[in-house]
Structure formats: C-alpha cells, structure tokens
file final.cif (mmCIF, C-alpha atoms and all ligand atoms)
data_my_file
loop_
_atom_site.label_atom_id
_atom_site.label_comp_id
_atom_site.auth_asym_id
_atom_site.auth_seq_id
_atom_site.Cartn_x
_atom_site.Cartn_y
_atom_site.Cartn_z
CA MET Z 1 112.18 95.34 138.47
CA ASP Z 2 108.94 95.90 136.51
CA ALA Z 3 109.42 99.67 136.58
CA LEU Z 4 112.33 99.26 134.18
CA ILE Z 5 110.32 97.42 131.54
CA ALA Z 6 108.86 99.74 128.88
CA VAL Z 7 107.04 97.05 126.89
CA ARG Z 8 105.88 93.66 128.11
CA SER Z 9 103.72 91.46 125.96
CA ARG Z 10 102.55 87.94 126.70
CA GLY Z 11 100.90 85.66 124.19
CA ILE Z 12 99.82 88.46 121.85
CA THR Z 13 97.94 87.28 118.79
CA LYS Z 14 96.43 89.31 115.97
CA ALA Z 15 94.75 88.00 112.84
CA PHE Z 16 93.32 89.72 109.78
CA GLY Z 17 90.72 87.25 108.57
CA GLU Z 18 92.60 84.06 107.75
CA VAL Z 19 96.00 85.73 108.04
CA VAL Z 20 97.64 85.35 111.44
CA ALA Z 21 99.88 88.42 111.60
CA LEU Z 22 101.07 87.84 115.20
CA ASP Z 23 101.06 84.46 116.87
CA GLY Z 24 101.88 84.32 120.59
CA ILE Z 25 104.29 87.24 120.98
CA ASP Z 26 106.17 87.33 124.31
CA LEU Z 27 108.37 90.40 124.32
CA ASP Z 28 110.17 92.44 126.97
CA VAL Z 29 111.79 95.75 126.10
CA ALA Z 30 113.79 97.41 128.87
CA GLN Z 31 113.49 101.13 129.45
CA GLY Z 32 116.13 103.29 127.74
CA GLN Z 33 116.88 100.66 125.13
CA ILE Z 34 116.86 100.96 121.36
CA HIS Z 35 115.19 97.73 120.34
CA GLY Z 36 115.21 96.63 116.72
CA LEU Z 37 112.46 94.60 115.10
CA VAL Z 38 113.53 92.75 111.98
CA GLY Z 39 111.94 90.10 109.81
CA PRO Z 40 111.02 89.32 106.23
CA ASN Z 41 108.15 91.12 104.47
CA GLY Z 42 104.85 90.23 106.10
CA ALA Z 43 106.51 88.95 109.31
CA GLY Z 44 104.27 91.12 111.51
CA LYS Z 45 106.57 94.02 112.40
CA THR Z 46 104.18 96.83 111.44
CA THR Z 47 101.27 95.04 113.11
CA LEU Z 48 103.23 94.78 116.36
CA LEU Z 49 104.33 98.42 116.22
CA GLY Z 50 100.70 99.40 115.55
CA LEU Z 51 99.64 97.65 118.76
CA LEU Z 52 102.28 99.59 120.71
CA LEU Z 53 100.92 102.85 119.27
CA GLY Z 54 97.31 101.94 120.07
CA LEU Z 55 96.34 101.89 116.39
CA ALA Z 56 94.93 98.38 116.77
CA VAL Z 57 94.15 95.99 119.62
CA ALA Z 58 95.34 92.42 119.96
CA ASP Z 59 92.87 89.55 119.60
CA SER Z 60 94.29 87.88 122.70
CA GLY Z 61 97.20 88.08 125.10
CA SER Z 62 98.28 90.90 127.37
CA LEU Z 63 100.24 94.05 126.66
CA GLU Z 64 101.73 96.40 129.21
CA ILE Z 65 103.27 99.68 128.11
CA LEU Z 66 105.27 101.90 130.48
CA GLY Z 67 103.85 99.91 133.38
CA THR Z 68 100.18 100.31 132.38
CA PRO Z 69 98.10 97.47 130.93
CA VAL Z 70 96.69 98.33 127.50
CA GLY Z 71 92.89 98.04 127.37
CA ARG Z 72 90.52 97.13 124.55
CA ALA Z 73 89.95 100.70 123.35
CA LEU Z 74 91.82 102.14 120.37
CA ALA Z 75 93.90 104.89 121.94
CA ALA Z 76 97.55 105.90 122.00
CA PRO Z 77 98.94 104.76 125.34
CA GLU Z 78 100.10 107.63 127.55
CA GLY Z 79 103.74 108.55 126.93
CA VAL Z 80 103.98 106.81 123.54
CA ALA Z 81 104.52 108.47 120.15
CA GLY Z 82 105.68 107.48 116.69
CA PHE Z 83 104.40 106.28 113.35
CA VAL Z 84 103.83 103.25 111.16
CA ASP Z 85 103.62 103.24 107.36
CA GLY Z 86 105.26 106.68 107.18
CA PRO Z 87 104.27 109.79 109.11
CA GLY Z 88 100.85 111.29 108.37
CA LEU Z 89 101.34 114.89 107.16
CA TYR Z 90 99.16 117.60 105.62
CA PRO Z 91 100.85 118.25 102.25
CA SER Z 92 99.52 121.80 101.87
CA LEU Z 93 100.94 122.90 105.23
CA THR Z 94 104.55 123.78 105.97
CA ALA Z 95 106.65 121.65 108.30
CA ARG Z 96 106.12 124.14 111.11
CA GLN Z 97 102.35 124.34 110.45
CA ASN Z 98 102.09 120.55 110.46
CA LEU Z 99 103.68 120.42 113.90
CA ALA Z 100 101.51 123.31 115.13
CA ALA Z 101 98.37 121.52 113.91
CA LEU Z 102 99.43 118.37 115.72
CA ALA Z 103 100.24 120.34 118.85
CA ASP Z 104 96.79 121.97 118.71
CA LEU Z 105 95.14 118.58 118.50
CA ARG Z 106 97.00 117.56 121.62
CA GLY Z 107 96.18 120.70 123.54
CA GLY Z 108 98.92 123.06 122.37
CA THR Z 109 102.67 123.41 122.54
CA GLU Z 110 104.69 126.61 122.65
CA THR Z 111 106.36 127.77 119.43
CA ALA Z 112 109.72 127.29 121.14
CA GLY Z 113 108.96 123.57 121.46
CA ILE Z 114 108.23 123.32 117.73
CA ASP Z 115 111.41 125.21 116.83
CA ALA Z 116 113.42 122.98 119.13
CA VAL Z 117 112.22 119.70 117.60
CA LEU Z 118 112.67 121.05 114.05
CA ALA Z 119 116.25 121.95 114.96
CA GLU Z 120 116.78 118.59 116.63
CA VAL Z 121 115.94 116.67 113.43
CA GLY Z 122 117.80 119.18 111.20
CA LEU Z 123 114.78 120.71 109.44
CA THR Z 124 115.13 124.36 110.55
CA ASP Z 125 116.07 125.52 107.05
CA VAL Z 126 112.92 124.06 105.48
CA ALA Z 127 110.59 124.75 108.41
CA ASP Z 128 108.46 127.12 106.32
CA ASP Z 129 108.32 124.99 103.16
CA ARG Z 130 105.18 123.05 102.31
CA THR Z 131 105.63 119.35 103.02
CA ARG Z 132 104.14 118.50 99.59
CA GLY Z 133 107.62 118.91 98.13
CA PHE Z 134 109.41 117.01 100.90
CA SER Z 135 111.53 113.99 100.04
CA LEU Z 136 110.89 110.71 101.86
CA GLY Z 137 113.89 111.36 104.11
CA MET Z 138 112.59 114.83 105.04
CA ARG Z 139 109.13 113.39 105.78
CA GLN Z 140 110.71 110.76 108.02
CA ARG Z 141 112.59 113.45 109.94
CA LEU Z 142 109.41 115.49 110.32
CA GLY Z 143 107.61 112.39 111.59
CA LEU Z 144 110.32 112.01 114.20
CA ALA Z 145 109.99 115.70 115.12
CA ALA Z 146 106.23 115.20 115.56
CA ALA Z 147 106.90 112.28 117.88
CA LEU Z 148 109.45 114.29 119.88
CA LEU Z 149 106.97 117.11 120.38
CA THR Z 150 105.12 115.15 123.07
CA LYS Z 151 108.34 114.29 124.93
CA PRO Z 152 107.42 110.60 124.86
CA ARG Z 153 108.91 107.93 127.09
CA LEU Z 154 108.46 105.33 124.34
CA ILE Z 155 109.04 106.12 120.65
CA VAL Z 156 107.80 103.62 118.07
CA LEU Z 157 109.16 104.00 114.53
CA ASP Z 158 108.43 101.91 111.45
CA GLU Z 159 111.45 101.95 109.12
CA PRO Z 160 112.73 105.35 110.30
CA SER Z 161 115.86 105.17 108.13
CA ASN Z 162 113.89 104.78 104.89
CA GLY Z 163 114.89 107.40 102.36
CA LEU Z 164 117.55 109.01 104.56
CA ASP Z 165 120.86 109.88 102.93
CA PRO Z 166 124.03 108.94 104.88
CA ALA Z 167 124.22 112.33 106.61
CA GLY Z 168 120.50 112.23 107.43
CA LYS Z 169 120.82 108.74 108.81
CA ARG Z 170 123.72 109.76 110.96
CA HIS Z 171 121.73 112.71 112.24
CA VAL Z 172 118.67 110.58 113.09
CA HIS Z 173 120.84 107.92 114.74
CA GLY Z 174 122.38 110.67 116.85
CA VAL Z 175 118.93 111.87 117.94
CA LEU Z 176 117.80 108.35 118.86
CA ASN Z 177 121.01 107.62 120.76
CA ARG Z 178 120.65 110.82 122.74
CA LEU Z 179 117.02 110.01 123.57
CA ALA Z 180 117.95 106.52 124.73
CA ALA Z 181 120.81 107.89 126.84
CA GLU Z 182 118.25 110.12 128.57
CA GLY Z 183 116.02 107.12 129.33
CA THR Z 184 113.55 107.17 126.42
CA THR Z 185 112.84 103.74 124.99
CA VAL Z 186 112.87 103.33 121.21
CA VAL Z 187 111.34 100.41 119.33
CA LEU Z 188 111.97 100.51 115.59
CA SER Z 189 111.67 98.22 112.63
CA SER Z 190 114.18 98.04 109.83
CA HIS Z 191 115.19 95.98 106.85
CA ARG Z 192 118.73 97.35 107.15
CA MET Z 193 120.78 95.00 109.29
CA ASP Z 194 123.70 97.46 109.38
CA ASP Z 195 121.41 100.14 110.83
CA VAL Z 196 120.07 97.78 113.46
CA GLU Z 197 123.58 96.70 114.41
CA ALA Z 198 124.76 100.30 114.61
CA LEU Z 199 121.81 101.47 116.71
CA CYS Z 200 120.22 98.69 118.71
CA SER Z 201 121.39 96.91 121.83
CA GLU Z 202 118.68 94.28 121.54
CA VAL Z 203 116.86 92.81 118.61
CA THR Z 204 113.78 90.73 117.94
CA ILE Z 205 113.61 88.63 114.80
CA LEU Z 206 110.07 87.91 113.67
CA ASN Z 207 109.07 85.35 111.10
CA THR Z 208 105.48 84.71 110.00
CA GLY Z 209 104.10 86.26 113.18
CA ARG Z 210 106.37 84.43 115.60
CA ILE Z 211 109.49 85.48 117.48
CA VAL Z 212 112.43 83.35 116.40
CA PHE Z 213 114.98 85.31 118.45
CA THR Z 214 114.83 88.08 121.02
CA GLY Z 215 117.74 89.36 123.09
CA PRO Z 216 121.04 91.21 122.98
CA LEU Z 217 122.95 91.35 119.70
CA SER Z 218 125.97 89.91 121.49
CA LYS Z 219 123.97 86.77 122.37
CA LEU Z 220 123.01 86.42 118.74
CA ALA Z 221 126.66 86.42 117.70
CA ALA Z 222 127.54 83.84 120.36
CA GLU Z 223 124.61 81.60 119.38
CA ASN Z 224 125.52 81.62 115.73
CA GLY Z 225 127.12 78.59 114.21
CA GLU Z 226 130.46 78.93 112.46
CA LEU Z 227 131.10 82.36 111.02
CA ASP Z 228 133.20 83.48 108.05
CA TYR Z 229 135.63 86.28 108.90
CA ARG Z 230 137.75 88.39 106.55
CA LEU Z 231 141.29 88.70 107.81
CA VAL Z 232 143.88 91.27 106.71
CA THR Z 233 147.25 91.09 108.46
CA SER Z 234 150.77 92.42 108.12
CA ASP Z 235 151.95 89.04 106.77
CA ALA Z 236 149.27 87.02 104.97
CA GLU Z 237 151.45 83.98 104.32
CA ALA Z 238 152.50 83.59 107.95
CA ALA Z 239 148.96 84.34 109.12
CA ARG Z 240 147.52 81.60 106.89
CA LYS Z 241 149.93 79.12 108.52
CA VAL Z 242 148.93 80.21 112.03
CA ALA Z 243 145.25 79.94 111.06
CA ALA Z 244 145.71 76.48 109.57
CA ASP Z 245 147.38 75.35 112.84
CA THR Z 246 144.62 76.78 115.06
CA ALA Z 247 142.11 74.21 116.33
CA GLY Z 248 138.57 74.80 115.08
CA ILE Z 249 139.59 77.13 112.25
CA THR Z 250 139.21 76.37 108.55
CA VAL Z 251 141.05 78.53 106.04
CA ASP Z 252 139.08 79.28 102.89
CA GLN Z 253 141.33 78.21 100.02
CA ALA Z 254 139.56 80.42 97.46
CA VAL Z 255 141.95 82.84 95.80
CA SER Z 256 141.26 86.36 96.93
CA PRO Z 257 141.63 89.31 94.55
CA ASN Z 258 143.56 90.96 97.35
CA ASP Z 259 146.68 88.99 98.36
CA ASP Z 260 146.63 90.47 101.85
CA LEU Z 261 143.12 89.21 102.55
CA PHE Z 262 141.85 85.71 103.26
CA VAL Z 263 138.76 84.22 104.85
CA VAL Z 264 138.67 81.95 107.90
CA ARG Z 265 135.74 80.04 109.34
CA GLY Z 266 135.10 78.97 112.92
CA LEU Z 267 133.07 79.35 116.10
CA VAL Z 268 133.54 82.52 118.15
CA PRO Z 269 135.96 80.93 120.73
CA ALA Z 270 138.18 79.54 117.95
CA LEU Z 271 138.19 82.92 116.18
CA ASP Z 272 139.18 84.59 119.48
CA ASP Z 273 141.98 82.07 119.86
CA LEU Z 274 143.21 82.77 116.34
CA VAL Z 275 143.57 86.51 116.99
CA VAL Z 276 145.54 85.85 120.17
CA ARG Z 277 147.85 83.45 118.33
CA LEU Z 278 148.44 85.88 115.48
CA VAL Z 279 149.43 88.63 117.88
CA GLN Z 280 151.67 86.25 119.84
CA ALA Z 281 153.37 85.38 116.53
CA GLY Z 282 154.11 89.07 115.97
CA ILE Z 283 151.59 89.36 113.12
CA ALA Z 284 149.56 92.58 113.18
CA VAL Z 285 145.81 92.20 112.61
CA ARG Z 286 144.68 95.08 110.40
CA GLU Z 287 141.13 93.92 109.70
CA PHE Z 288 139.04 91.15 111.22
CA ALA Z 289 135.41 91.43 110.24
CA PRO Z 290 132.51 89.07 109.54
CA VAL Z 291 131.87 88.46 105.83
CA VAL Z 292 128.17 88.49 106.66
CA SER Z 293 127.27 90.30 109.90
CA PRO Z 294 126.16 88.11 112.84
CA LEU Z 295 122.68 89.64 112.66
CA GLU Z 296 122.33 89.03 108.95
CA ALA Z 297 123.66 85.47 109.32
CA ALA Z 298 121.17 84.75 112.12
CA PHE Z 299 118.35 86.47 110.23
CA LEU Z 300 118.93 84.29 107.17
CA ALA Z 301 119.43 81.11 109.18
CA LEU Z 302 116.40 81.60 111.44
CA THR Z 303 113.95 82.86 108.85
CA GLU Z 304 114.96 80.47 106.06
CA GLN Z 305 114.84 77.48 108.45
CA GLN Z 306 111.30 78.41 109.40
CA GLU Z 307 110.23 78.71 105.79
CA VAL Z 308 111.68 75.30 104.95
CA GLY Z 309 110.05 73.78 108.04
CA GLN Z 310 106.55 75.06 107.24
N1 LIG Z 401 94.97 95.68 107.66
C1 LIG Z 401 95.29 94.47 107.23
N2 LIG Z 401 94.39 93.70 106.59
C2 LIG Z 401 94.69 92.46 106.15
N3 LIG Z 401 95.90 91.89 106.32
C3 LIG Z 401 96.84 92.61 106.93
C4 LIG Z 401 96.59 93.93 107.42
N4 LIG Z 401 97.73 94.39 108.01
C5 LIG Z 401 98.64 93.40 107.88
N5 LIG Z 401 98.12 92.34 107.24
C6 LIG Z 401 98.80 91.06 106.97
O1 LIG Z 401 99.45 90.67 108.17
C7 LIG Z 401 100.74 90.13 107.89
C8 LIG Z 401 101.79 90.95 108.63
O2 LIG Z 401 101.88 92.23 108.02
P1 LIG Z 401 102.83 93.38 108.56
O3 LIG Z 401 102.54 94.59 107.74
O4 LIG Z 401 102.70 93.48 110.03
O5 LIG Z 401 104.26 92.79 108.21
P2 LIG Z 401 105.69 93.53 108.18
O6 LIG Z 401 106.64 92.62 108.89
O7 LIG Z 401 105.56 94.91 108.68
O8 LIG Z 401 106.00 93.51 106.63
P3 LIG Z 401 106.88 94.54 105.72
O9 LIG Z 401 108.30 94.26 106.03
O10 LIG Z 401 106.52 94.10 104.33
O11 LIG Z 401 106.44 95.93 106.05
C9 LIG Z 401 100.90 90.15 106.38
O12 LIG Z 401 100.53 88.88 105.88
C10 LIG Z 401 99.93 91.21 105.93
O13 LIG Z 401 99.47 90.95 104.64
#
call {"tool": "encode", "arguments": {"input": "final.cif", "output": "structure tokens", "more": "lines below"}}
Ligand SMILES: Nc1ncnc2c1ncn2[C@@H]1O[C@H](COP(=O)(O)OP(=O)(O)OP(=O)(O)O)[C@@H](O)[C@H]1O
result
Amino acid sequence: MDALIAVRSRGITKAFGEVVALDGIDLDVAQGQIHGLVGPNGAGKTTLLGLLLGLAVADSGSLEILGTPVGRALAAPEGVAGFVDGPGLYPSLTARQNLAALADLRGGTETAGIDAVLAEVGLTDVADDRTRGFSLGMRQRLGLAAALLTKPRLIVLDEPSNGLDPAGKRHVHGVLNRLAAEGTTVVLSSHRMDDVEALCSEVTILNTGRIVFTGPLSKLAAENGELDYRLVTSDAEAARKVAADTAGITVDQAVSPNDDLFVVRGLVPALDDLVVRLVQAGIAVREFAPVVSPLEAAFLALTEQQEVGQ
C-alpha cells in the first residue's frame, strides 16, 4: 500500500555541529491526513519540516516523499509546498503581487488562480495592500495561499496558527480540512495542543530529536495512564456516590467552586464504565471532559520523562 504513504522516513539524522537536531526518525504519514508535529522548543520540528520541503538534506537515513526517494540535492520535492520560520514575502509588494512574483518564478499561473487562492484564505479585501503592513496572521494566510498556488499534494506548515485570531484560525482550519478531504496531505507543527487535537488525526511527539510517540490521537488517549475528568451532572451528590462505587475510579475530594462539578480519576475503561452507570442510575451527564487533554497529558509525560532520564 506504498502509494498511500505521503511521507516515509527511516533512520533520518541531522546534526548542526555538535547539536543533534534529528536522531533516527522513522515516520510514516498516510496520504490525505493532517499530521501534527509537536514537541518542546528545540525538539527538531522545524528541522524535520525543512527536510520535507527540501530546504536541507539529512546526514543519514532515507526519506521518501509522495513515493519518490529524496536525493542529496537541495530542491523542493515535486508536489510539495509550504513554509518554515514564517512565509518569505516581499514587503514592498502587495499580496497579489507577491503571489504573482512567486508564480512567475515557477513558470506562471493565471490571474484567476491567484484570485482563487486569495479568496480561499480570506485575503481578497487586502489583495492590493502592501504586505509590509500585514499582521502575523495575515502573513500566515498569505503563506498558505502561496503554497496552495502550486496545487500541492503535500503541504508542510510550521506553526500555521501563529498570530491567527479565532475567526482566522477557524478559516484556516476549514481550508486545511477541505484540502485533506480532497486527498492532500498536510504536515504541520504547533505548540497549541487544542489546535492539533481539533485538526489532526495523527500526531508525532518529538523530544530532543527523537520520536517519543507517533500514531492516531485515539491511541494516545488509550495509552495514557489515569486521566482526570471534569464531571457535571444533573445530580452531583448522587453522581459522586455512583463514582465512588465504580471500580477503578477515584473521586477528587477537593471542594469545587461549582457545586455541580467534581473531578474523577481513572483509566479509560473505568471512565467508560462510570458514564454507563450514571446513565443507568437516571443521572444525566451534562459535561464529561478531560481536565488536561489526552495530548497535553501525553506530551508532558513523554517529554518530561525524557528530560529526567537524560
Ligand atoms: N541552522 C542551524 N544551525 C545550528 N543549530 C540549529 C540550526 N537549526 C536548528 N538548530 C538546532 O537544532 C535543534 C532543533 O531545532 P528546531 O528548530 O528544529 O527545533 P523546533 O522543535 O522547531 O523548536 P521550536 O519549537 O523552538 O521552533 C535545536 O537545538 C536548534 O538550536
């Protein structure tokens, strides 16, 4: 099923002098997936994204992008577009002129194509403004528009949500979801766990150049240890009793500022069991949400463990 793999790396290493930025990266990203790359500062995310964009070459290991092995030359692999460290723009040119200049470099694109990508990222109204005055969020959107211009099959984005306001973020998420639904693969890095959870089906957690987890978000939740969940029900007192009687569940005795809310702790199967028992007891579950999201919990556990173990 190799045709369905957009990125395959085996044993990728990359060092900058003494600093080992990537250390034996084995990664598979399936086609049409939005894959999130997370990790503490300096974990190697930007370095890895740079390899996918052909901005650097690995010291060793093999990398295959869209079914083609990546060679030793610095060149953007066919069908790949995106940016690291923010999009490169000419400040004295307008948004439209920036895209036209890029299109010229690549052999030309019709004006209609430029208008379409500007509309897609919501920049039509400022298309003829110089990018010098653009906010970070507007620059990010223009960077995405530039990537879309080539109709790539793999989009690589370093922190694409940086600087976006809630409406802008929603807009960009919508664009990425649509692209993925049409079969485009997206690999993005983010420090925002909520964004990654909202957008990505799979995630890779990097720490000091190594992968400490890669796979579906659902697997991450299942592999977690005990989780704290906030519980709001129609009858908190009765619900507390049911929780206390449920095997594998601990009820947090801390007084909550909200009488309706309390916190329970347990493994996923015990938490599932608790919800079933509450409903069977005629208690409505109004809110049941992790205090810390499964991704954030795993991120902290996996990256802190590594730091302690070093
Ligand atoms: N061009 C370079 N020259 C020297 N060292 C570099 C270079 N690029 C990256 N590094 C080092 O490689 C390591 C990985 O950096 P990288 O930028 O890939 O991390 P990151 O996960 O993207 O971090 P952040 O979240 O802070 O953006 C860091 O220790 C960094 O200092």
call {"tool": "residues_around", "arguments": {"input": "final.cif", "residues": "Z:Leu220", "least_positions_apart": "2", "cutoff": "12 Å", "atoms": "all atoms listed in the file", "output": "ChimeraX atom specification"}}
result
/Z:197,201-205,212-218,222-225,227,268,293-299,301-302
call {"tool": "write_last_selection", "arguments": {"input": "final.cif", "atoms": "C-alpha atoms", "output": "mmCIF file, in the frame of the given file"}}
result
data_model
loop_
_atom_site.group_PDB
_atom_site.id
_atom_site.type_symbol
_atom_site.label_atom_id
_atom_site.label_comp_id
_atom_site.auth_asym_id
_atom_site.auth_seq_id
_atom_site.Cartn_x
_atom_site.Cartn_y
_atom_site.Cartn_z
ATOM 1 C CA GLU Z 197 123.580 96.700 114.410
ATOM 2 C CA SER Z 201 121.390 96.910 121.830
ATOM 3 C CA GLU Z 202 118.680 94.280 121.540
ATOM 4 C CA VAL Z 203 116.860 92.810 118.610
ATOM 5 C CA THR Z 204 113.780 90.730 117.940
ATOM 6 C CA ILE Z 205 113.610 88.630 114.800
ATOM 7 C CA VAL Z 212 112.430 83.350 116.400
ATOM 8 C CA PHE Z 213 114.980 85.310 118.450
ATOM 9 C CA THR Z 214 114.830 88.080 121.020
ATOM 10 C CA GLY Z 215 117.740 89.360 123.090
ATOM 11 C CA PRO Z 216 121.040 91.210 122.980
ATOM 12 C CA LEU Z 217 122.950 91.350 119.700
ATOM 13 C CA SER Z 218 125.970 89.910 121.490
ATOM 14 C CA ALA Z 222 127.540 83.840 120.360
ATOM 15 C CA GLU Z 223 124.610 81.600 119.380
ATOM 16 C CA ASN Z 224 125.520 81.620 115.730
ATOM 17 C CA GLY Z 225 127.120 78.590 114.210
ATOM 18 C CA LEU Z 227 131.100 82.360 111.020
ATOM 19 C CA VAL Z 268 133.540 82.520 118.150
ATOM 20 C CA SER Z 293 127.270 90.300 109.900
ATOM 21 C CA PRO Z 294 126.160 88.110 112.840
ATOM 22 C CA LEU Z 295 122.680 89.640 112.660
ATOM 23 C CA GLU Z 296 122.330 89.030 108.950
ATOM 24 C CA ALA Z 297 123.660 85.470 109.320
ATOM 25 C CA ALA Z 298 121.170 84.750 112.120
ATOM 26 C CA PHE Z 299 118.350 86.470 110.230
ATOM 27 C CA ALA Z 301 119.430 81.110 109.180
ATOM 28 C CA LEU Z 302 116.400 81.600 111.440
#
call {"tool": "residues_near_ligand", "arguments": {"input": "final.cif", "ligand": "ligand LIG 401 (chain Z)", "cutoff": "6 Å", "atoms": "all atoms listed in the file", "output": "JSON, numbers by chain"}}
result
{"Z": [16, 19, 21, 39, 40, 41, 42, 43, 44, 45, 46, 47]}
call {"tool": "closest_residue", "arguments": {"input": "final.cif", "among": "Z:Arg265, Z:Arg192, Z:Arg106, Z:Arg132", "to": "Z:Pro91", "atoms": "all atoms listed in the file"}}
result
Z:Arg132
call {"tool": "atom_distance", "arguments": {"input": "final.cif", "atom1": "atom CA of Z:Gly88", "atom2": "atom CA of Z:Arg153"}}
result
20.7 Å
call {"tool": "closest_residue", "arguments": {"input": "final.cif", "among": "Z:Asn207, Z:Gln140, Z:Thr246, Z:Thr185", "to": "Z:Ile155", "atoms": "all atoms listed in the file"}}
result
Z:Thr185
call {"tool": "atom_distance", "arguments": {"input": "final.cif", "atom1": "atom CA of Z:Gly113", "atom2": "atom CA of Z:Ala147"}}
result
12.0 Å
call {"tool": "residues_around", "arguments": {"input": "final.cif", "residues": "stretch 68-83 of chain Z", "least_positions_apart": "4", "cutoff": "7 Å", "atoms": "all atoms listed in the file", "output": "list of chain:residue names"}}
result
Z:Leu53, Z:Gly54, Z:Leu55, Z:Ala56, Z:Val57, Z:Leu63, Z:Glu64, Z:Pro87, Z:Leu144, Z:Ala147, Z:Pro152, Z:Arg153, Z:Leu154, Z:Ile155, Z:Val156, Z:Leu157, Z:Asp158
call {"tool": "atom_distance", "arguments": {"input": "final.cif", "atom1": "atom CA of Z:Ile211", "atom2": "atom CA of Z:Met193"}}
result
16.9 Å
call {"tool": "closest_residue", "arguments": {"input": "final.cif", "among": "Z:Val38, Z:Leu51, Z:Ala116, Z:Leu4", "to": "Z:Lys151", "atoms": "only C-alpha atoms"}}
result
Z:Ala116
call {"tool": "residues_around", "arguments": {"input": "final.cif", "residues": "stretch 29-37 of chain Z", "least_positions_apart": "2", "cutoff": "6 Å", "atoms": "all atoms listed in the file", "output": "PyMOL selection string"}}
result
chain Z and resi 4-7+180+183-189+196+200+202-204
call {"tool": "closest_residue", "arguments": {"input": "final.cif", "among": "Z:Ile25, Z:Ile65, Z:Ala58, Z:Val121", "to": "Z:Arg8", "atoms": "only C-alpha atoms"}}
result
Z:Ile65
call {"tool": "residues_around", "arguments": {"input": "final.cif", "residues": "Z:Gly168", "least_positions_apart": "3", "cutoff": "10 Å", "atoms": "all atoms listed in the file", "output": "JSON list (two decimals) with C-alpha atoms, in the coordinates of the input"}}
result
[["chain", "number", "residue", "atom", "x", "y", "z"],
["Z", 121, "VAL", "CA", 115.94, 116.67, 113.43],
["Z", 122, "GLY", "CA", 117.80, 119.18, 111.20],
["Z", 137, "GLY", "CA", 113.89, 111.36, 104.11],
["Z", 138, "MET", "CA", 112.59, 114.83, 105.04],
["Z", 140, "GLN", "CA", 110.71, 110.76, 108.02],
["Z", 141, "ARG", "CA", 112.59, 113.45, 109.94],
["Z", 161, "SER", "CA", 115.86, 105.17, 108.13],
["Z", 163, "GLY", "CA", 114.89, 107.40, 102.36],
["Z", 164, "LEU", "CA", 117.55, 109.01, 104.56],
["Z", 165, "ASP", "CA", 120.86, 109.88, 102.93],
["Z", 171, "HIS", "CA", 121.73, 112.71, 112.24],
["Z", 172, "VAL", "CA", 118.67, 110.58, 113.09],
["Z", 173, "HIS", "CA", 120.84, 107.92, 114.74],
["Z", 174, "GLY", "CA", 122.38, 110.67, 116.85]]
call {"tool": "residues_around", "arguments": {"input": "final.cif", "residues": "Z:Asp129", "least_positions_apart": "2", "cutoff": "7 Å", "atoms": "only C-alpha atoms", "output": "VMD selection string"}}
result
chain Z and resid 94 to 95 126 to 127 131
call {"tool": "write_last_selection", "arguments": {"input": "final.cif", "atoms": "C-alpha atoms", "output": "PDB file, in the coordinates of the input"}}
result
ATOM      1  CA  THR Z  94     104.550 123.780 105.970  1.00  0.00           C
ATOM      2  CA  ALA Z  95     106.650 121.650 108.300  1.00  0.00           C
ATOM      3  CA  VAL Z 126     112.920 124.060 105.480  1.00  0.00           C
ATOM      4  CA  ALA Z 127     110.590 124.750 108.410  1.00  0.00           C
ATOM      5  CA  THR Z 131     105.630 119.350 103.020  1.00  0.00           C
TER       6      THR Z 131
END
